[in-house]
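The structure appears right after this line, and notes come after that.
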Amino acid sequence: MKLLWELQVFCAVVERKSFVSAARQLGTSPSTATRAVQALEESLGSSLLARSQKQVSLTMAGEAYYDTARHILQLQEEVEDDLAALGSTPRGWLRFSAPEVMASHFLPAVLQGLAEHNPQLRFDILYSDTILEPIREKLDFSIRGAYPTSSELIGFPLWPYQRRLYASPDYVARRGLPTQPEQLSEHAILIHAAPRILKAWNFVSDSHQVSLNLNASHRVSSGNAVLQAALAGWGVARMGDWLAEPLVASGQLLRLCPDYRIVSSRGEDAQMHAVFASRRIPRKARLVLDAIRSAAQAAGFGHHPAP
């Protein structure tokens, strides 16, 4: 177990590029982390890290050893997961990220049901609209909208969705209801500015398609902020139908340009999915993702609105 701890500290220092950050991640002190790496270097008879006042970098021996160390830790995690599977219930911490809007819509109820039936399972959730990498952030998985950004990450589909335009009834009463994308230049446009500002919106219908560069009237940094701004009547927002259509049904939002949806530059609709850095999905992670996917199906996500 001492060797595993030393390997864990070494890998954390490499990935965080800092003894202080690695120690904070592991819940220990920088001096303890330093001693662990020194003990590992002494046992191997090689210096693994080059240290200076401003940075920590791998030596040639460290570069050769890092992949082996990470592989050993992954094997240990797999063994622990296999042993845990022998028990009747999953247990321990599950750390993952999800879009911020899911903190107030859909996900808490799903996780509450899981926690009630699996009292030894613990959730550590990082809600963020920033694209987070599972390895760098020490996540079991990361839930994202749109599409995987790296071929090295393994995707787990949750539900498909379409992006459409929405605004509040109050806004439409004041500014009118556009039916064609070309009319949007006369409207206030809300833009989700994280993780990036999209320069073009690609509209498609059964008979027409057009790509528009729209000037933002307002920018906000999260999907939940876009939703709240739209509900408050700030302007026209692009949102996933899984989130917005229940609010259309309740009369809180109206769908604009109803014949059109907004697709990627390749003409694809979006998908909510999870990404992993490993092909082997831990049992407790699969339990959670299967529950999320089942709840999404029960809620009708992926059954897109008629024009």
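Ordered as shown in the structure tokens, chains take letters A, B, and onward, while each chain numbers its residues from 1 and ligands are numbered from 1 in the order shown.
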For Pro157 (chain A), work out the shell of residues within 9 Å, counting only C-alpha atoms and skipping chain neighbours fewer than 3 positions away, then give it as a list of chain:residue names.
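What passes the distance filter is A:Pro160, A:Gln271, A:Met272, A:His273, A:Ala274, A:Val275, A:Arg293.
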Keeping only N, CA, C and O atoms, write the selected residues as a PDB file, in the first residue's frame.
ATOM      1  N   PRO A 160     -30.270  12.102 -27.056  1.00  0.00           N
ATOM      2  CA  PRO A 160     -30.110  13.091 -28.120  1.00  0.00           C
ATOM      3  C   PRO A 160     -31.019  14.287 -27.860  1.00  0.00           C
ATOM      4  O   PRO A 160     -32.046  14.172 -27.181  1.00  0.00           O
ATOM      5  N   GLN A 271     -26.049  15.857 -28.608  1.00  0.00           N
ATOM      6  CA  GLN A 271     -26.268  14.674 -27.784  1.00  0.00           C
ATOM      7  C   GLN A 271     -25.676  14.918 -26.398  1.00  0.00           C
ATOM      8  O   GLN A 271     -24.557  15.404 -26.265  1.00  0.00           O
ATOM      9  N   MET A 272     -26.446  14.600 -25.381  1.00  0.00           N
ATOM     10  CA  MET A 272     -25.890  14.592 -24.034  1.00  0.00           C
ATOM     11  C   MET A 272     -25.191  13.249 -23.851  1.00  0.00           C
ATOM     12  O   MET A 272     -25.739  12.191 -24.189  1.00  0.00           O
ATOM     13  N   HIS A 273     -23.966  13.289 -23.343  1.00  0.00           N
ATOM     14  CA  HIS A 273     -23.189  12.067 -23.229  1.00  0.00           C
ATOM     15  C   HIS A 273     -22.186  12.222 -22.091  1.00  0.00           C
ATOM     16  O   HIS A 273     -21.971  13.325 -21.568  1.00  0.00           O
ATOM     17  N   ALA A 274     -21.600  11.113 -21.697  1.00  0.00           N
ATOM     18  CA  ALA A 274     -20.515  11.126 -20.714  1.00  0.00           C
ATOM     19  C   ALA A 274     -19.245  10.668 -21.403  1.00  0.00           C
ATOM     20  O   ALA A 274     -19.287   9.859 -22.334  1.00  0.00           O
ATOM     21  N   VAL A 275     -18.101  11.191 -20.948  1.00  0.00           N
ATOM     22  CA  VAL A 275     -16.821  10.766 -21.491  1.00  0.00           C
ATOM     23  C   VAL A 275     -15.937  10.225 -20.373  1.00  0.00           C
ATOM     24  O   VAL A 275     -15.975  10.686 -19.234  1.00  0.00           O
ATOM     25  N   ARG A 293     -29.802   7.802 -17.906  1.00  0.00           N
ATOM     26  CA  ARG A 293     -30.358   7.535 -19.230  1.00  0.00           C
ATOM     27  C   ARG A 293     -31.797   7.037 -19.133  1.00  0.00           C
ATOM     28  O   ARG A 293     -32.661   7.462 -19.907  1.00  0.00           O
TER      29      ARG A 293
END
Determine which residues of region 36-270 of chain A DSSP labels as strand (DSSP E) from the backbone of this structure, then write them out as a CSV table (one decimal) with N, CA, C and O atoms, in the first residue's frame.
chain,number,residue,atom,x,y,z
A,49,LEU,N,11.6,13.5,-11.1
A,49,LEU,CA,11.2,14.8,-11.3
A,49,LEU,C,12.3,15.8,-11.2
A,49,LEU,O,13.2,15.7,-10.3
A,50,ALA,N,12.3,16.8,-12.1
A,50,ALA,CA,13.3,17.9,-12.0
A,50,ALA,C,12.5,19.1,-11.4
A,50,ALA,O,11.5,19.5,-11.9
A,51,ARG,N,13.1,19.6,-10.3
A,51,ARG,CA,12.4,20.6,-9.5
A,51,ARG,C,13.1,21.9,-9.6
A,51,ARG,O,14.3,22.0,-9.6
A,56,VAL,N,7.8,22.1,-11.9
A,56,VAL,CA,8.2,20.7,-11.8
A,56,VAL,C,8.0,20.0,-13.1
A,56,VAL,O,7.0,20.1,-13.8
A,57,SER,N,9.0,19.3,-13.6
A,57,SER,CA,9.0,18.6,-14.9
A,57,SER,C,9.6,17.2,-14.8
A,57,SER,O,10.3,16.9,-13.8
A,58,LEU,N,9.2,16.4,-15.7
A,58,LEU,CA,9.7,15.0,-15.7
A,58,LEU,C,11.1,14.9,-16.2
A,58,LEU,O,11.5,15.6,-17.2
A,92,GLY,N,-18.7,4.1,-1.8
A,92,GLY,CA,-17.6,4.9,-2.0
A,92,GLY,C,-17.9,6.2,-2.9
A,92,GLY,O,-19.1,6.4,-3.3
A,93,TRP,N,-16.9,7.0,-3.1
A,93,TRP,CA,-17.1,8.3,-3.8
A,93,TRP,C,-17.1,8.1,-5.3
A,93,TRP,O,-16.4,7.3,-5.8
A,94,LEU,N,-18.0,8.8,-6.0
A,94,LEU,CA,-18.1,8.9,-7.4
A,94,LEU,C,-17.9,10.4,-7.8
A,94,LEU,O,-18.8,11.2,-7.4
A,95,ARG,N,-16.9,10.7,-8.4
A,95,ARG,CA,-16.6,12.1,-8.8
A,95,ARG,C,-16.8,12.4,-10.3
A,95,ARG,O,-16.2,11.7,-11.1
A,96,PHE,N,-17.7,13.3,-10.6
A,96,PHE,CA,-18.0,13.6,-12.0
A,96,PHE,C,-18.4,15.0,-12.2
A,96,PHE,O,-18.7,15.7,-11.2
A,97,SER,N,-18.4,15.5,-13.4
A,97,SER,CA,-18.8,16.8,-13.7
A,97,SER,C,-20.0,16.8,-14.6
A,97,SER,O,-20.3,15.8,-15.2
A,98,ALA,N,-20.8,17.9,-14.6
A,98,ALA,CA,-22.0,18.0,-15.4
A,98,ALA,C,-22.3,19.5,-15.7
A,98,ALA,O,-21.8,20.3,-15.0
A,121,LEU,N,-23.2,4.9,-1.3
A,121,LEU,CA,-22.6,5.6,-2.5
A,121,LEU,C,-22.6,7.1,-2.2
A,121,LEU,O,-23.6,7.7,-1.7
A,122,ARG,N,-21.5,7.8,-2.5
A,122,ARG,CA,-21.3,9.2,-2.3
A,122,ARG,C,-21.0,9.9,-3.6
A,122,ARG,O,-20.3,9.4,-4.4
A,123,PHE,N,-21.6,11.1,-3.8
A,123,PHE,CA,-21.4,11.9,-5.0
A,123,PHE,C,-20.6,13.1,-4.7
A,123,PHE,O,-20.8,13.8,-3.8
A,124,ASP,N,-19.6,13.3,-5.6
A,124,ASP,CA,-18.8,14.5,-5.6
A,124,ASP,C,-18.9,15.1,-7.0
A,124,ASP,O,-18.3,14.7,-7.9
A,125,ILE,N,-19.8,16.2,-7.1
A,125,ILE,CA,-20.2,16.7,-8.4
A,125,ILE,C,-19.6,18.1,-8.7
A,125,ILE,O,-19.7,19.0,-7.8
A,126,LEU,N,-18.9,18.3,-9.8
A,126,LEU,CA,-18.4,19.5,-10.2
A,126,LEU,C,-19.3,20.1,-11.3
A,126,LEU,O,-19.3,19.6,-12.5
A,127,TYR,N,-20.2,21.0,-11.0
A,127,TYR,CA,-21.1,21.6,-12.0
A,127,TYR,C,-20.3,22.7,-12.7
A,127,TYR,O,-19.9,23.7,-12.1
A,141,PHE,N,-16.0,10.4,-14.6
A,141,PHE,CA,-16.5,10.7,-15.9
A,141,PHE,C,-16.9,12.2,-16.0
A,141,PHE,O,-17.0,12.9,-14.9
A,142,SER,N,-17.2,12.7,-17.2
A,142,SER,CA,-17.7,14.0,-17.4
A,142,SER,C,-18.9,14.0,-18.3
A,142,SER,O,-18.8,13.5,-19.4
A,143,ILE,N,-20.0,14.6,-17.8
A,143,ILE,CA,-21.2,14.7,-18.6
A,143,ILE,C,-21.1,16.0,-19.4
A,143,ILE,O,-20.8,17.1,-18.9
A,144,ARG,N,-21.4,15.9,-20.7
A,144,ARG,CA,-21.3,17.0,-21.6
A,144,ARG,C,-22.4,17.0,-22.6
A,144,ARG,O,-23.0,16.0,-22.9
A,154,ILE,N,-13.7,8.1,-24.4
A,154,ILE,CA,-14.7,7.1,-24.7
A,154,ILE,C,-16.1,7.7,-24.3
A,154,ILE,O,-16.3,8.1,-23.2
A,155,GLY,N,-17.0,7.7,-25.3
A,155,GLY,CA,-18.3,8.3,-25.0
A,155,GLY,C,-19.4,7.2,-24.6
A,155,GLY,O,-19.4,6.1,-25.0
A,156,PHE,N,-20.3,7.7,-23.7
A,156,PHE,CA,-21.4,6.9,-23.2
A,156,PHE,C,-22.7,7.8,-23.5
A,156,PHE,O,-22.9,8.8,-22.8
A,157,PRO,N,-23.5,7.5,-24.5
A,157,PRO,CA,-24.6,8.3,-24.9
A,157,PRO,C,-25.7,8.3,-23.8
A,157,PRO,O,-26.0,7.2,-23.2
A,158,LEU,N,-26.3,9.5,-23.5
A,158,LEU,CA,-27.3,9.6,-22.6
A,158,LEU,C,-28.7,9.9,-23.2
A,158,LEU,O,-29.6,9.1,-23.1
A,159,TRP,N,-28.7,11.0,-24.0
A,159,TRP,CA,-29.9,11.2,-24.8
A,159,TRP,C,-29.6,12.2,-25.9
A,159,TRP,O,-28.8,13.1,-25.7
A,160,PRO,N,-30.3,12.1,-27.1
A,160,PRO,CA,-30.1,13.1,-28.1
A,160,PRO,C,-31.0,14.3,-27.9
A,160,PRO,O,-32.0,14.2,-27.2
A,161,TYR,N,-30.7,15.4,-28.4
A,161,TYR,CA,-31.5,16.6,-28.3
A,161,TYR,C,-31.3,17.5,-29.4
A,161,TYR,O,-30.3,17.4,-30.1
A,163,ARG,N,-31.3,21.7,-30.7
A,163,ARG,CA,-31.2,23.0,-30.3
A,163,ARG,C,-32.2,23.9,-31.1
A,163,ARG,O,-32.2,23.9,-32.3
A,164,ARG,N,-33.0,24.7,-30.4
A,164,ARG,CA,-34.0,25.5,-31.0
A,164,ARG,C,-34.0,26.9,-30.3
A,164,ARG,O,-33.2,27.1,-29.3
A,165,LEU,N,-34.8,27.8,-30.8
A,165,LEU,CA,-34.8,29.2,-30.3
A,165,LEU,C,-36.1,29.4,-29.4
A,165,LEU,O,-37.2,28.9,-29.8
A,166,TYR,N,-35.9,30.1,-28.3
A,166,TYR,CA,-37.0,30.3,-27.3
A,166,TYR,C,-36.9,31.8,-26.8
A,166,TYR,O,-35.8,32.4,-26.7
A,167,ALA,N,-38.0,32.2,-26.4
A,167,ALA,CA,-38.1,33.5,-25.7
A,167,ALA,C,-39.4,33.5,-24.8
A,167,ALA,O,-40.2,32.7,-25.0
A,189,ILE,N,-30.4,39.1,-29.0
A,189,ILE,CA,-29.9,37.7,-29.0
A,189,ILE,C,-29.1,37.5,-27.7
A,189,ILE,O,-28.2,38.2,-27.4
A,190,LEU,N,-29.4,36.4,-27.0
A,190,LEU,CA,-28.7,36.0,-25.8
A,190,LEU,C,-27.7,34.9,-26.2
A,190,LEU,O,-28.0,34.0,-27.0
A,191,ILE,N,-26.4,35.1,-25.8
A,191,ILE,CA,-25.3,34.2,-26.2
A,191,ILE,C,-24.8,33.5,-24.9
A,191,ILE,O,-24.5,34.2,-23.9
A,192,HIS,N,-24.6,32.2,-25.0
A,192,HIS,CA,-23.9,31.5,-23.9
A,192,HIS,C,-22.4,31.6,-24.3
A,192,HIS,O,-21.9,31.0,-25.2
A,201,TRP,N,-24.6,30.4,-36.3
A,201,TRP,CA,-25.7,29.5,-36.0
A,201,TRP,C,-26.2,28.9,-37.3
A,201,TRP,O,-26.6,29.7,-38.2
A,202,ASN,N,-26.2,27.6,-37.4
A,202,ASN,CA,-26.6,26.9,-38.6
A,202,ASN,C,-28.0,26.4,-38.5
A,202,ASN,O,-28.3,25.5,-37.8
A,203,PHE,N,-29.0,27.1,-39.2
A,203,PHE,CA,-30.4,26.8,-39.2
A,203,PHE,C,-30.7,25.8,-40.3
A,203,PHE,O,-30.3,26.0,-41.4
A,204,VAL,N,-31.5,24.8,-40.0
A,204,VAL,CA,-32.1,23.9,-41.0
A,204,VAL,C,-33.5,23.6,-40.7
A,204,VAL,O,-34.0,23.5,-39.6
A,209,GLN,N,-32.0,25.9,-45.5
A,209,GLN,CA,-30.9,26.0,-44.5
A,209,GLN,C,-30.1,27.3,-44.7
A,209,GLN,O,-30.0,27.8,-45.8
A,210,VAL,N,-29.7,27.9,-43.6
A,210,VAL,CA,-29.0,29.1,-43.6
A,210,VAL,C,-28.0,29.2,-42.4
A,210,VAL,O,-28.4,28.8,-41.3
A,211,SER,N,-26.9,29.8,-42.6
A,211,SER,CA,-25.9,30.0,-41.5
A,211,SER,C,-25.8,31.5,-41.3
A,211,SER,O,-25.5,32.3,-42.2
A,212,LEU,N,-26.0,32.0,-40.0
A,212,LEU,CA,-26.0,33.4,-39.7
A,212,LEU,C,-25.0,33.7,-38.6
A,212,LEU,O,-24.9,32.9,-37.6
A,218,HIS,N,-26.6,40.3,-25.4
A,218,HIS,CA,-26.2,40.0,-24.0
A,218,HIS,C,-25.4,38.7,-24.1
A,218,HIS,O,-25.7,37.8,-24.9
A,219,ARG,N,-24.4,38.6,-23.2
A,219,ARG,CA,-23.6,37.4,-23.1
A,219,ARG,C,-23.6,37.0,-21.6
A,219,ARG,O,-23.5,37.8,-20.7
A,220,VAL,N,-23.8,35.7,-21.4
A,220,VAL,CA,-23.8,35.1,-20.0
A,220,VAL,C,-22.9,33.9,-20.0
A,220,VAL,O,-22.7,33.2,-21.1
A,236,VAL,N,-33.9,36.5,-27.2
A,236,VAL,CA,-34.0,35.2,-27.9
A,236,VAL,C,-32.8,34.3,-27.5
A,236,VAL,O,-31.6,34.7,-27.6
A,237,ALA,N,-33.1,33.1,-27.0
A,237,ALA,CA,-32.0,32.2,-26.6
A,237,ALA,C,-32.0,30.9,-27.3
A,237,ALA,O,-33.1,30.4,-27.7
A,238,ARG,N,-30.9,30.4,-27.6
A,238,ARG,CA,-30.7,29.0,-28.2
A,238,ARG,C,-30.6,28.0,-27.0
A,238,ARG,O,-29.7,28.2,-26.2
A,239,MET,N,-31.5,27.0,-27.0
A,239,MET,CA,-31.5,26.1,-25.9
A,239,MET,C,-31.8,24.7,-26.4
A,239,MET,O,-32.4,24.5,-27.4
A,240,GLY,N,-31.4,23.7,-25.6
A,240,GLY,CA,-31.8,22.3,-25.9
A,240,GLY,C,-33.3,22.1,-25.6
A,240,GLY,O,-33.8,22.6,-24.7
A,254,LEU,N,-41.9,30.5,-25.3
A,254,LEU,CA,-42.4,30.3,-26.6
A,254,LEU,C,-41.3,29.8,-27.6
A,254,LEU,O,-40.2,30.3,-27.4
A,255,ARG,N,-41.6,28.9,-28.5
A,255,ARG,CA,-40.6,28.5,-29.5
A,255,ARG,C,-40.7,29.4,-30.7
A,255,ARG,O,-41.8,29.7,-31.2
A,256,LEU,N,-39.5,30.0,-31.1
A,256,LEU,CA,-39.4,30.9,-32.2
A,256,LEU,C,-38.9,30.1,-33.4
A,256,LEU,O,-38.3,29.1,-33.3
A,261,ARG,N,-34.4,24.1,-36.6
A,261,ARG,CA,-33.5,23.7,-35.5
A,261,ARG,C,-32.1,24.2,-35.8
A,261,ARG,O,-31.8,24.4,-37.0
A,262,ILE,N,-31.2,24.2,-34.8
A,262,ILE,CA,-29.8,24.7,-35.0
A,262,ILE,C,-28.9,23.5,-34.9
A,262,ILE,O,-28.9,22.8,-33.9
A,263,VAL,N,-28.1,23.3,-35.9
A,263,VAL,CA,-27.2,22.1,-35.9
A,263,VAL,C,-25.7,22.5,-35.9
A,263,VAL,O,-25.4,23.7,-36.0
A,270,ALA,N,-27.4,17.7,-31.5
A,270,ALA,CA,-26.5,17.5,-30.3
A,270,ALA,C,-26.9,16.2,-29.6
A,270,ALA,O,-27.9,15.6,-29.8
Among region 47-196 of chain A, which ones does DSSP place in helix (DSSP H, G or I), written as a PyMOL selection string?
chain A and resi 60-85+100-103+107-117+169-175+181-186
Nearest residue to Ala22 (chain A) out of A:His187, A:Lys138, A:Lys199, A:Arg175, using only C-alpha atoms?
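Result for the nearest residue to Ala22 (chain A): A:Lys138.
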Just want the 9 Å neighbourhood of Tyr65 (chain A), counted on only C-alpha atoms, with same-chain residues fewer than 5 positions away dropped. Output as a PyMOL selection string.
chain A and resi 48+60+70
Write the residues of the selection above to a file with C-alpha atoms, as a JSON list (two decimals), in the first residue's frame.
[["chain", "number", "residue", "atom", "x", "y", "z"],
["A", 48, "LEU", "CA", 11.86, 11.11, -11.66],
["A", 60, "MET", "CA", 13.88, 11.15, -18.90],
["A", 70, "ARG", "CA", -0.52, 5.32, -14.20]]
For Ala244 (chain A), which residue among A:Arg91, A:His71, A:Lys284, A:His105 is the nearest when counting only C-alpha atoms?
A:His105
Between A:Asp170, A:Glu6, A:Asp140, A:Glu245, which has the minimum distance to Gly233 (chain A) (counting only C-alpha atoms)?
A:Asp170
Excluding Cys257 (chain A) and residues on its chain fewer than 2 positions from it, collect all residues at most 6 Å away from it, counting only C-alpha atoms, and give them as a CSV table (one decimal) with C-alpha atoms, in the first residue's frame.
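Saved the output as selection.csv:
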chain,number,residue,atom,x,y,z
A,178,PRO,CA,-39.9,35.7,-35.7
A,179,THR,CA,-40.7,32.8,-38.0
A,180,GLN,CA,-37.6,32.9,-40.2
A,259,ASP,CA,-39.8,25.1,-38.4
A,260,TYR,CA,-36.0,25.4,-37.7
Env of Leu107 (chain A): 12 Å cut, atoms = only C-alpha atoms, seq-sep filter 2 positions within chain, self excluded. Answer as a tab-separated table (two decimals) with N, CA, C and O atoms, in the first residue's frame.
chain	number	residue	atom	x	y	z
A	97	SER	N	-18.36	15.48	-13.40
A	97	SER	CA	-18.80	16.83	-13.72
A	97	SER	C	-20.04	16.77	-14.59
A	97	SER	O	-20.32	15.77	-15.25
A	98	ALA	N	-20.79	17.88	-14.58
A	98	ALA	CA	-22.01	17.99	-15.37
A	98	ALA	C	-22.25	19.46	-15.69
A	98	ALA	O	-21.79	20.34	-14.95
A	99	PRO	N	-22.99	19.76	-16.78
A	99	PRO	CA	-23.31	21.15	-17.08
A	99	PRO	C	-24.06	21.81	-15.92
A	99	PRO	O	-24.86	21.16	-15.23
A	100	GLU	N	-23.81	23.09	-15.74
A	100	GLU	CA	-24.37	23.80	-14.58
A	100	GLU	C	-25.89	23.74	-14.54
A	100	GLU	O	-26.49	23.64	-13.46
A	101	VAL	N	-26.53	23.78	-15.70
A	101	VAL	CA	-27.99	23.82	-15.72
A	101	VAL	C	-28.59	22.54	-15.13
A	101	VAL	O	-29.71	22.55	-14.62
A	102	MET	N	-27.83	21.43	-15.15
A	102	MET	CA	-28.34	20.19	-14.61
A	102	MET	C	-28.39	20.18	-13.08
A	102	MET	O	-29.01	19.31	-12.48
A	103	ALA	N	-27.75	21.18	-12.45
A	103	ALA	CA	-27.81	21.29	-10.99
A	103	ALA	C	-29.21	21.67	-10.52
A	103	ALA	O	-29.61	21.34	-9.40
A	104	SER	N	-29.96	22.36	-11.37
A	104	SER	CA	-31.30	22.79	-10.99
A	104	SER	C	-32.39	22.15	-11.82
A	104	SER	O	-33.58	22.41	-11.61
A	105	HIS	N	-32.02	21.31	-12.77
A	105	HIS	CA	-32.99	20.62	-13.61
A	105	HIS	C	-32.59	19.16	-13.80
A	105	HIS	O	-31.48	18.88	-14.27
A	109	ALA	N	-32.88	15.06	-8.76
A	109	ALA	CA	-33.91	14.06	-8.44
A	109	ALA	C	-33.44	12.65	-8.77
A	109	ALA	O	-33.71	11.70	-8.03
A	110	VAL	N	-32.71	12.51	-9.88
A	110	VAL	CA	-32.18	11.19	-10.25
A	110	VAL	C	-31.19	10.70	-9.20
A	110	VAL	O	-31.24	9.54	-8.76
A	111	LEU	N	-30.29	11.57	-8.78
A	111	LEU	CA	-29.27	11.17	-7.82
A	111	LEU	C	-29.87	10.91	-6.44
A	111	LEU	O	-29.37	10.06	-5.70
A	112	GLN	N	-30.93	11.65	-6.09
A	112	GLN	CA	-31.58	11.39	-4.81
A	112	GLN	C	-32.16	9.98	-4.77
A	112	GLN	O	-32.05	9.26	-3.77
A	113	GLY	N	-32.78	9.56	-5.87
A	113	GLY	CA	-33.30	8.20	-5.93
A	113	GLY	C	-32.21	7.16	-5.80
A	113	GLY	O	-32.37	6.15	-5.12
A	114	LEU	N	-31.07	7.41	-6.45
A	114	LEU	CA	-29.94	6.48	-6.34
A	114	LEU	C	-29.39	6.45	-4.93
A	114	LEU	O	-29.07	5.38	-4.40
A	123	PHE	N	-21.59	11.10	-3.77
A	123	PHE	CA	-21.41	11.87	-5.00
A	123	PHE	C	-20.56	13.10	-4.73
A	123	PHE	O	-20.77	13.83	-3.76
A	125	ILE	N	-19.75	16.19	-7.13
A	125	ILE	CA	-20.15	16.70	-8.44
A	125	ILE	C	-19.57	18.09	-8.67
A	125	ILE	O	-19.69	18.97	-7.83
A	127	TYR	N	-20.19	21.02	-11.01
A	127	TYR	CA	-21.07	21.61	-12.02
A	127	TYR	C	-20.34	22.74	-12.73
A	127	TYR	O	-19.93	23.72	-12.10
A	143	ILE	N	-19.99	14.61	-17.82
A	143	ILE	CA	-21.20	14.72	-18.63
A	143	ILE	C	-21.12	16.01	-19.44
A	143	ILE	O	-20.85	17.08	-18.90
A	243	LEU	N	-34.58	20.82	-22.23
A	243	LEU	CA	-34.70	21.79	-21.15
A	243	LEU	C	-35.86	22.75	-21.36
A	243	LEU	O	-36.61	23.05	-20.43
A	288	VAL	N	-24.88	4.84	-12.19
A	288	VAL	CA	-25.39	6.21	-12.23
A	288	VAL	C	-25.80	6.60	-13.64
A	288	VAL	O	-26.88	7.15	-13.86
A	289	LEU	N	-24.97	6.29	-14.63
A	289	LEU	CA	-25.27	6.68	-16.00
A	289	LEU	C	-26.48	5.93	-16.56
A	289	LEU	O	-27.28	6.50	-17.30
A	291	ALA	N	-28.97	4.98	-14.76
A	291	ALA	CA	-30.12	5.61	-14.11
A	291	ALA	C	-30.46	6.94	-14.77
A	291	ALA	O	-31.64	7.28	-14.97
A	292	ILE	N	-29.44	7.72	-15.12
A	292	ILE	CA	-29.66	9.00	-15.80
A	292	ILE	C	-30.31	8.77	-17.16
A	292	ILE	O	-31.27	9.45	-17.54
A	293	ARG	N	-29.80	7.80	-17.91
A	293	ARG	CA	-30.36	7.53	-19.23
A	293	ARG	C	-31.80	7.04	-19.13
A	293	ARG	O	-32.66	7.46	-19.91
A	294	SER	N	-32.09	6.17	-18.17
A	294	SER	CA	-33.45	5.67	-17.99
A	294	SER	C	-34.41	6.79	-17.61
A	294	SER	O	-35.54	6.88	-18.11
A	295	ALA	N	-33.97	7.68	-16.70
A	295	ALA	CA	-34.80	8.80	-16.29
A	295	ALA	C	-35.05	9.76	-17.45
A	295	ALA	O	-36.15	10.33	-17.59
A	296	ALA	N	-34.03	9.95	-18.29
A	296	ALA	CA	-34.19	10.82	-19.46
A	296	ALA	C	-35.21	10.23	-20.43
A	296	ALA	O	-36.04	10.96	-20.99
A	299	ALA	N	-38.62	10.74	-19.07
A	299	ALA	CA	-39.04	12.14	-19.16
A	299	ALA	C	-39.34	12.57	-20.59
A	299	ALA	O	-39.80	13.68	-20.83
Can you work out which one of A:Glu42, A:Asp241, A:Glu133, A:Asp290 has the shortest atom-to-atom distance to Asp269 (chain A), counting only C-alpha atoms?
A:Asp241
Distance of CA of Ser47 (chain A) from CA of Pro30 (chain A), expressed in Å to one decimal place:
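Pair CA of Pro30 (chain A) / CA of Ser47 (chain A) returns 18.3 Å.
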Within 10 Å of region 11-17 of chain A, which residues of region 121-205 of chain A show up? Give each one with its shortest atom-to-atom distance in Å (one decimal) and the two atoms involved, counting only C-alpha atoms, rows by chain then rising residue number, as a Markdown table.
| residue | atom | partner | partner_atom | distance |
| --- | --- | --- | --- | --- |
| A:Ile135 | CA | A:Glu15 | CA | 8.2 |
| A:Arg136 | CA | A:Glu15 | CA | 6.3 |
| A:Glu137 | CA | A:Glu15 | CA | 9.0 |
| A:Lys138 | CA | A:Ala12 | CA | 9.0 |
Keeping N, CA and C atoms for every residue in the selection just given, could you write it to a file as a PDB file, in the first residue's frame?
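Heads up, here's the output in result.pdb:
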ATOM      1  N   ILE A 135      -9.031  12.973 -16.860  1.00  0.00           N
ATOM      2  CA  ILE A 135      -7.736  12.657 -16.255  1.00  0.00           C
ATOM      3  C   ILE A 135      -7.214  13.844 -15.465  1.00  0.00           C
ATOM      4  N   ARG A 136      -7.230  15.020 -16.079  1.00  0.00           N
ATOM      5  CA  ARG A 136      -6.661  16.195 -15.438  1.00  0.00           C
ATOM      6  C   ARG A 136      -7.402  16.546 -14.147  1.00  0.00           C
ATOM      7  N   GLU A 137      -8.733  16.398 -14.154  1.00  0.00           N
ATOM      8  CA  GLU A 137      -9.537  16.777 -12.994  1.00  0.00           C
ATOM      9  C   GLU A 137      -9.831  15.602 -12.062  1.00  0.00           C
ATOM     10  N   LYS A 138      -9.235  14.431 -12.342  1.00  0.00           N
ATOM     11  CA  LYS A 138      -9.447  13.239 -11.509  1.00  0.00           C
ATOM     12  C   LYS A 138     -10.932  12.906 -11.394  1.00  0.00           C
TER      13      LYS A 138
END
Using only C-alpha atoms, which of A:Arg174, A:His303, A:Arg24, A:Lys2 sits nearest Gly235 (chain A)?
A:Arg174
